[in-house]
Structure formats: C-alpha cells, structure tokens
Amino acid sequence: MIFKELIGQQQAIDLLTSSVTKNRVAPAYLFVGTDGVGRSLAAKCFIELLFSTYVKSEQLSILKNRIRQGNHPAVFWVEPTYQYQGQRLTTAEAAEKGVKRKAPPIIRLEQIREISQFLSRPPLEAPRNVVVLEQAETMAESAANALLKTLEEPGQATLILIAPSPDAILPTLVSRCQKIPFYRLDHAAITEVLTKVGNAEILQHPEILNLAAGSPGSAILAYQQLQNIDSQLLTDVQKKPTSYRHALELAKKINKELDTESQLWLIDYLQQYYWQQLHRPSIIKELEKTRKNLLSYAQPRLVWECTFLAIFQIG
C-alpha cells in the first residue's frame, strides 16, 4: 500500500485514493493542516499513486526512489527560499552554508515563473506533470497572483499547495483547489511516528510534546532546536527581566546568538513555558506581537527589546 507510511490521516488517504481510482484527479489540491503531520509525505505518496499506473509493477520501487529524491522529470517541487549573494537558497541549503538568516524564507515571483516554464512542456515518463508548493502561505502577493493564472489553465498537470489553513492564502487560489484536510495526531500515533523514524527519545521530553501539540514533525524540529540553543541562553530567557537594563541585555543576546527561525521557535517555547509557569495571558499576547513583528521583517533586536520591556512592566 502506497500510503502505509502516512499515519493518522485516514480521511486524506481515502480522498486522494478515491480521486485516482475514480479517475477524478483535480487540477489543484490544497493540503491544509498544521506543520509536521504528514502533508508533504502525503503529496509524495499521492504522486507515486498517480504515476504507478504508468510503470510496470517491478519498477514501482524505482519510481518511489526517484520521487522521494526529487529527480523525477514530471515533478517540480517548490520551497520557500532566502536570497543570498544573488542565489536562492532553501532552508536546508542556507543551514548547510551557515548563512545567518535575517528574515523568514518566501516563495518568490521568479519561482512561480519557473512553474509556468515547467508546465509549458509535456509530461515525461508520467501521465501528467505535478507541481508541489510547500508553505504556500509564504507567497508574496505578486507571486500568488501569478500562480492564479497558472491555476486557471494548468494544462496536463496537477498542482498541490501545502498550507496551514485556507485563510493563509488568497481566497481566489483556495476557490480553485480541492481541499484535503490533515489533523493533529493523538499520543499513540505520535509515539508510532517518532519510534518509526528513530526519534523515540523525544517521548521522554513532555515539554517538547506539549509544544508540538499533536505534530510529530514539530516535535522533531523542536527537539533539534532545543539541542542547538545554548542552555545558558534558555535559562536566561525563562526568567522575567528584573530591570530595563536586563531586558535590553536579553534582547541583545537573542539577536546575537539566534537566527530568525530560531527566534520564531523560541517564541513558541516561551509561550508554552510562561503559560505553564505563570498563566499570564498578557505575556502570551506580548510574545504573539513579537512573532508578528519578526514576520513583518522588523529589526529583531528592537522587537525583542520592546518585548522584554513590556514583560518587565507587566510585573
């Protein structure tokens, strides 16, 4: 069974399988749900199912490997990118090069233009071309409008947009997609996933599981972040500022030691921590403002200075 790796998402499996068996594959799909619950894996499995009718049974394993490794000529996978010295880098590539990331990655207009170029060619070794856009919510407005033209006339292709919710992308894009919902996993399913992928040690960290809130992918990323952040810094930020100077020093330290993605993760961690320790909604709201400001490309050090000064004044 092609979808056997996808755990806890039976409704999505049924909808996608039915669309292929009944030959009712939509021109575009919107996979919606929180990060880390299997949306990208489902996209790969769905592509395997779509293409499996085009190859002999003994070639299925080869087909799967090509799709998983990203080298099938009929599949175009798009991820948000950073701009660095004239290059576009994915999150993984930026981390590998040690690039300090000042702002979150986005899907750029030129990437949407590359999709159009890809779809202008007939599919090779497959019944149709497939385009997958991860984190579709990161598209700039110009990119989203350009994608709309492609969705209106996709040709011999299927597009899969992956986003946290329909509200995260333009309504005009949503209206042209068939929605496939993905849900948070229960504890048994999370245990199965983490054990299967070799991360069972995370199960010994309830604070990470609480932070992940039903997302095994988020649990893995949170655990990795926890290992990467200096333990002294984590200890320092868990304590409320004791003075204006202390607040400014904390902001300076975070800005110096953490890139933007780590800072965004730290917000989630601190919200969970402060809520469990203090149960103060006002602090949670301040941290949510911090997230919005960082995502709006405000200067990180200034954002954190305002955050810690506000927390200090809350008392």
# chains A, B, ... in the order shown; residues from 1 in each chain; ligands from 1
call {"tool": "closest_atom_pairs", "arguments": {"of": "region 259-313 of chain A", "to": "region 95-117 of chain A", "cutoff": "7 Å", "atoms": "only C-alpha atoms", "output": "JSON lines"}}
result
{"residue": "A:Asp259", "atom": "CA", "partner": "A:Arg101", "partner_atom": "CA", "distance": 5.5}
{"residue": "A:Thr260", "atom": "CA", "partner": "A:Lys102", "partner_atom": "CA", "distance": 5.5}
{"residue": "A:Glu261", "atom": "CA", "partner": "A:Pro104", "partner_atom": "CA", "distance": 6.7}
{"residue": "A:Leu295", "atom": "CA", "partner": "A:Pro104", "partner_atom": "CA", "distance": 6.8}
{"residue": "A:Tyr297", "atom": "CA", "partner": "A:Ala103", "partner_atom": "CA", "distance": 6.0}
call {"tool": "write_last_selection", "arguments": {"atoms": "C-alpha atoms", "output": "short mmCIF file (atom, residue, chain, number, x, y, z; two decimals), in the first residue's frame"}}
result
data_model
loop_
_atom_site.label_atom_id
_atom_site.label_comp_id
_atom_site.auth_asym_id
_atom_site.auth_seq_id
_atom_site.Cartn_x
_atom_site.Cartn_y
_atom_site.Cartn_z
CA ASP A 259 18.82 33.45 13.55
CA THR A 260 15.24 34.37 12.67
CA GLU A 261 13.93 30.81 12.53
CA LEU A 295 7.46 38.03 10.34
CA TYR A 297 10.75 41.97 8.85
#
call {"tool": "residues_around", "arguments": {"residues": "Gly38 (chain A)", "least_positions_apart": "6", "cutoff": "8 Å", "atoms": "only C-alpha atoms", "output": "compact mmCIF listing (two decimals) with C-alpha atoms, in the first residue's frame"}}
result
# COMPACT_ATOMS: atom_id res chain seq x y z
CA LEU A 6 1.27 8.07 6.39
CA ILE A 7 -0.01 7.58 9.93
CA GLN A 9 -4.56 10.72 8.28
CA PHE A 182 -4.89 16.95 7.75
CA GLY A 217 7.31 16.80 12.73
call {"tool": "select_by_dssp", "arguments": {"residues": "region 144-181 of chain A", "states": "strand (DSSP E)", "output": "compact mmCIF listing (two decimals) with C-alpha atoms, in the first residue's frame"}}
result
# COMPACT_ATOMS: atom_id res chain seq x y z
CA ALA A 157 -0.91 18.98 -14.76
CA THR A 158 -1.94 18.85 -11.12
CA LEU A 159 -0.78 21.39 -8.55
CA ILE A 160 -0.59 20.69 -4.80
CA LEU A 161 -0.47 23.65 -2.43
CA ILE A 162 0.53 22.93 1.17
CA ALA A 163 -0.59 25.50 3.77
CA GLN A 178 -9.90 20.75 -3.77
CA LYS A 179 -9.26 20.90 -0.03
CA ILE A 180 -7.69 17.88 1.68
CA PRO A 181 -7.67 18.23 5.50
call {"tool": "residues_around", "arguments": {"residues": "Phe312 (chain A)", "least_positions_apart": "3", "cutoff": "10 Å", "atoms": "only C-alpha atoms", "output": "list in words"}}
result
Lys240, Pro241, Thr242, Ser243, Tyr244, His246, Ala247, Ile283, Cys306, Thr307, Phe308, Leu309 and Gly315 of chain A
call {"tool": "write_last_selection", "arguments": {"atoms": "N, CA and C atoms", "output": "tab-separated table (two decimals), in the first residue's frame"}}
result
chain	number	residue	atom	x	y	z
A	240	LYS	N	11.85	36.26	33.99
A	240	LYS	CA	11.37	37.58	33.60
A	240	LYS	C	12.45	38.63	33.87
A	241	PRO	N	12.57	39.65	33.01
A	241	PRO	CA	13.57	40.71	33.23
A	241	PRO	C	13.36	41.38	34.60
A	242	THR	N	14.47	41.70	35.25
A	242	THR	CA	14.39	42.31	36.58
A	242	THR	C	14.61	43.82	36.53
A	243	SER	N	14.98	44.34	35.34
A	243	SER	CA	15.20	45.78	35.18
A	243	SER	C	15.15	46.12	33.70
A	244	TYR	N	15.12	47.40	33.39
A	244	TYR	CA	15.15	47.83	32.00
A	244	TYR	C	16.46	47.38	31.34
A	246	HIS	N	18.34	44.84	32.16
A	246	HIS	CA	18.29	43.38	31.97
A	246	HIS	C	17.48	43.03	30.73
A	247	ALA	N	16.38	43.73	30.51
A	247	ALA	CA	15.54	43.49	29.34
A	247	ALA	C	16.32	43.74	28.05
A	283	ILE	N	1.34	38.15	28.92
A	283	ILE	CA	2.68	37.82	28.43
A	283	ILE	C	2.58	37.04	27.12
A	306	CYS	N	11.50	45.62	22.81
A	306	CYS	CA	10.12	46.01	23.14
A	306	CYS	C	9.40	44.90	23.90
A	307	THR	N	9.66	43.66	23.52
A	307	THR	CA	9.01	42.51	24.16
A	307	THR	C	9.40	42.41	25.64
A	308	PHE	N	10.68	42.40	25.90
A	308	PHE	CA	11.14	42.21	27.28
A	308	PHE	C	10.84	43.43	28.16
A	309	LEU	N	10.87	44.63	27.57
A	309	LEU	CA	10.48	45.81	28.34
A	309	LEU	C	9.00	45.71	28.73
A	315	GLY	N	4.99	42.99	35.23
A	315	GLY	CA	5.22	42.71	36.65
A	315	GLY	C	4.85	41.29	37.06
call {"tool": "closest_residue", "arguments": {"among": "A:Leu209, A:Val25, A:Ala42, A:Ala140", "to": "Ala12 (chain A)", "atoms": "only C-alpha atoms"}}
result
A:Ala42
call {"tool": "atom_distance", "arguments": {"atom1": "CA of Leu248 (chain A)", "atom2": "CA of Glu305 (chain A)"}}
result
5.4 Å
call {"tool": "atom_distance", "arguments": {"atom1": "CA of His72 (chain A)", "atom2": "CA of Arg39 (chain A)"}}
result
19.4 Å
call {"tool": "residues_around", "arguments": {"residues": "Leu41 (chain A)", "least_positions_apart": "6", "cutoff": "10 Å", "atoms": "only C-alpha atoms", "output": "PyMOL selection string"}}
result
chain A and resi 3+5-6+47+68
call {"tool": "closest_residue", "arguments": {"among": "A:Ala92, A:Lys4, A:Lys196, A:Leu233", "to": "Lys256 (chain A)", "atoms": "only C-alpha atoms"}}
result
A:Leu233
call {"tool": "closest_atom_pairs", "arguments": {"of": "region 200-229 of chain A", "to": "region 30-37 of chain A", "cutoff": "12 Å", "atoms": "only C-alpha atoms", "output": "tab-separated table"}}
result
residue	atom	partner	partner_atom	distance
A:Ala212	CA	A:Gly36	CA	8.9
A:Ala213	CA	A:Thr34	CA	9.6
A:Gly214	CA	A:Val37	CA	7.8
A:Ser215	CA	A:Val37	CA	5.2
A:Pro216	CA	A:Gly36	CA	5.8
A:Gly217	CA	A:Gly36	CA	3.7
A:Ser218	CA	A:Gly36	CA	5.2
A:Ala219	CA	A:Gly36	CA	8.1
A:Ile220	CA	A:Gly36	CA	8.7
A:Leu221	CA	A:Gly36	CA	8.9
A:Ala222	CA	A:Gly36	CA	10.9
call {"tool": "write_last_selection", "arguments": {"atoms": "N, CA, C and O atoms", "output": "tab-separated table (two decimals), in the first residue's frame"}}
result
chain	number	residue	atom	x	y	z
A	212	ALA	N	4.69	20.58	20.69
A	212	ALA	CA	4.35	20.07	19.36
A	212	ALA	C	2.85	19.96	19.15
A	212	ALA	O	2.37	20.08	18.02
A	213	ALA	N	2.09	19.73	20.21
A	213	ALA	CA	0.63	19.71	20.15
A	213	ALA	C	0.08	18.82	19.03
A	213	ALA	O	-0.68	19.26	18.18
A	214	GLY	N	0.51	17.58	19.02
A	214	GLY	CA	-0.05	16.63	18.05
A	214	GLY	C	0.65	16.59	16.72
A	214	GLY	O	0.15	15.97	15.77
A	215	SER	N	1.83	17.21	16.62
A	215	SER	CA	2.58	17.22	15.37
A	215	SER	C	3.94	16.57	15.58
A	215	SER	O	4.84	17.18	16.18
A	216	PRO	N	4.14	15.34	15.10
A	216	PRO	CA	5.44	14.69	15.29
A	216	PRO	C	6.57	15.44	14.59
A	216	PRO	O	7.69	15.50	15.09
A	217	GLY	N	6.29	16.03	13.42
A	217	GLY	CA	7.31	16.80	12.73
A	217	GLY	C	7.76	17.99	13.55
A	217	GLY	O	8.95	18.31	13.64
A	218	SER	N	6.79	18.67	14.17
A	218	SER	CA	7.12	19.81	15.02
A	218	SER	C	7.90	19.36	16.25
A	218	SER	O	8.78	20.08	16.73
A	219	ALA	N	7.57	18.17	16.77
A	219	ALA	CA	8.30	17.65	17.93
A	219	ALA	C	9.77	17.41	17.58
A	219	ALA	O	10.66	17.74	18.36
A	220	ILE	N	10.02	16.87	16.40
A	220	ILE	CA	11.40	16.62	15.97
A	220	ILE	C	12.15	17.93	15.80
A	220	ILE	O	13.29	18.08	16.27
A	221	LEU	N	11.53	18.90	15.14
A	221	LEU	CA	12.18	20.20	14.94
A	221	LEU	C	12.42	20.91	16.27
A	221	LEU	O	13.48	21.52	16.48
A	222	ALA	N	11.44	20.82	17.18
A	222	ALA	CA	11.58	21.48	18.49
A	222	ALA	C	12.73	20.85	19.27
A	222	ALA	O	13.51	21.55	19.93
call {"tool": "closest_residue", "arguments": {"among": "A:Leu173, A:Leu287, A:Ala74, A:Leu89", "to": "Tyr269 (chain A)", "atoms": "only C-alpha atoms"}}
result
A:Leu287
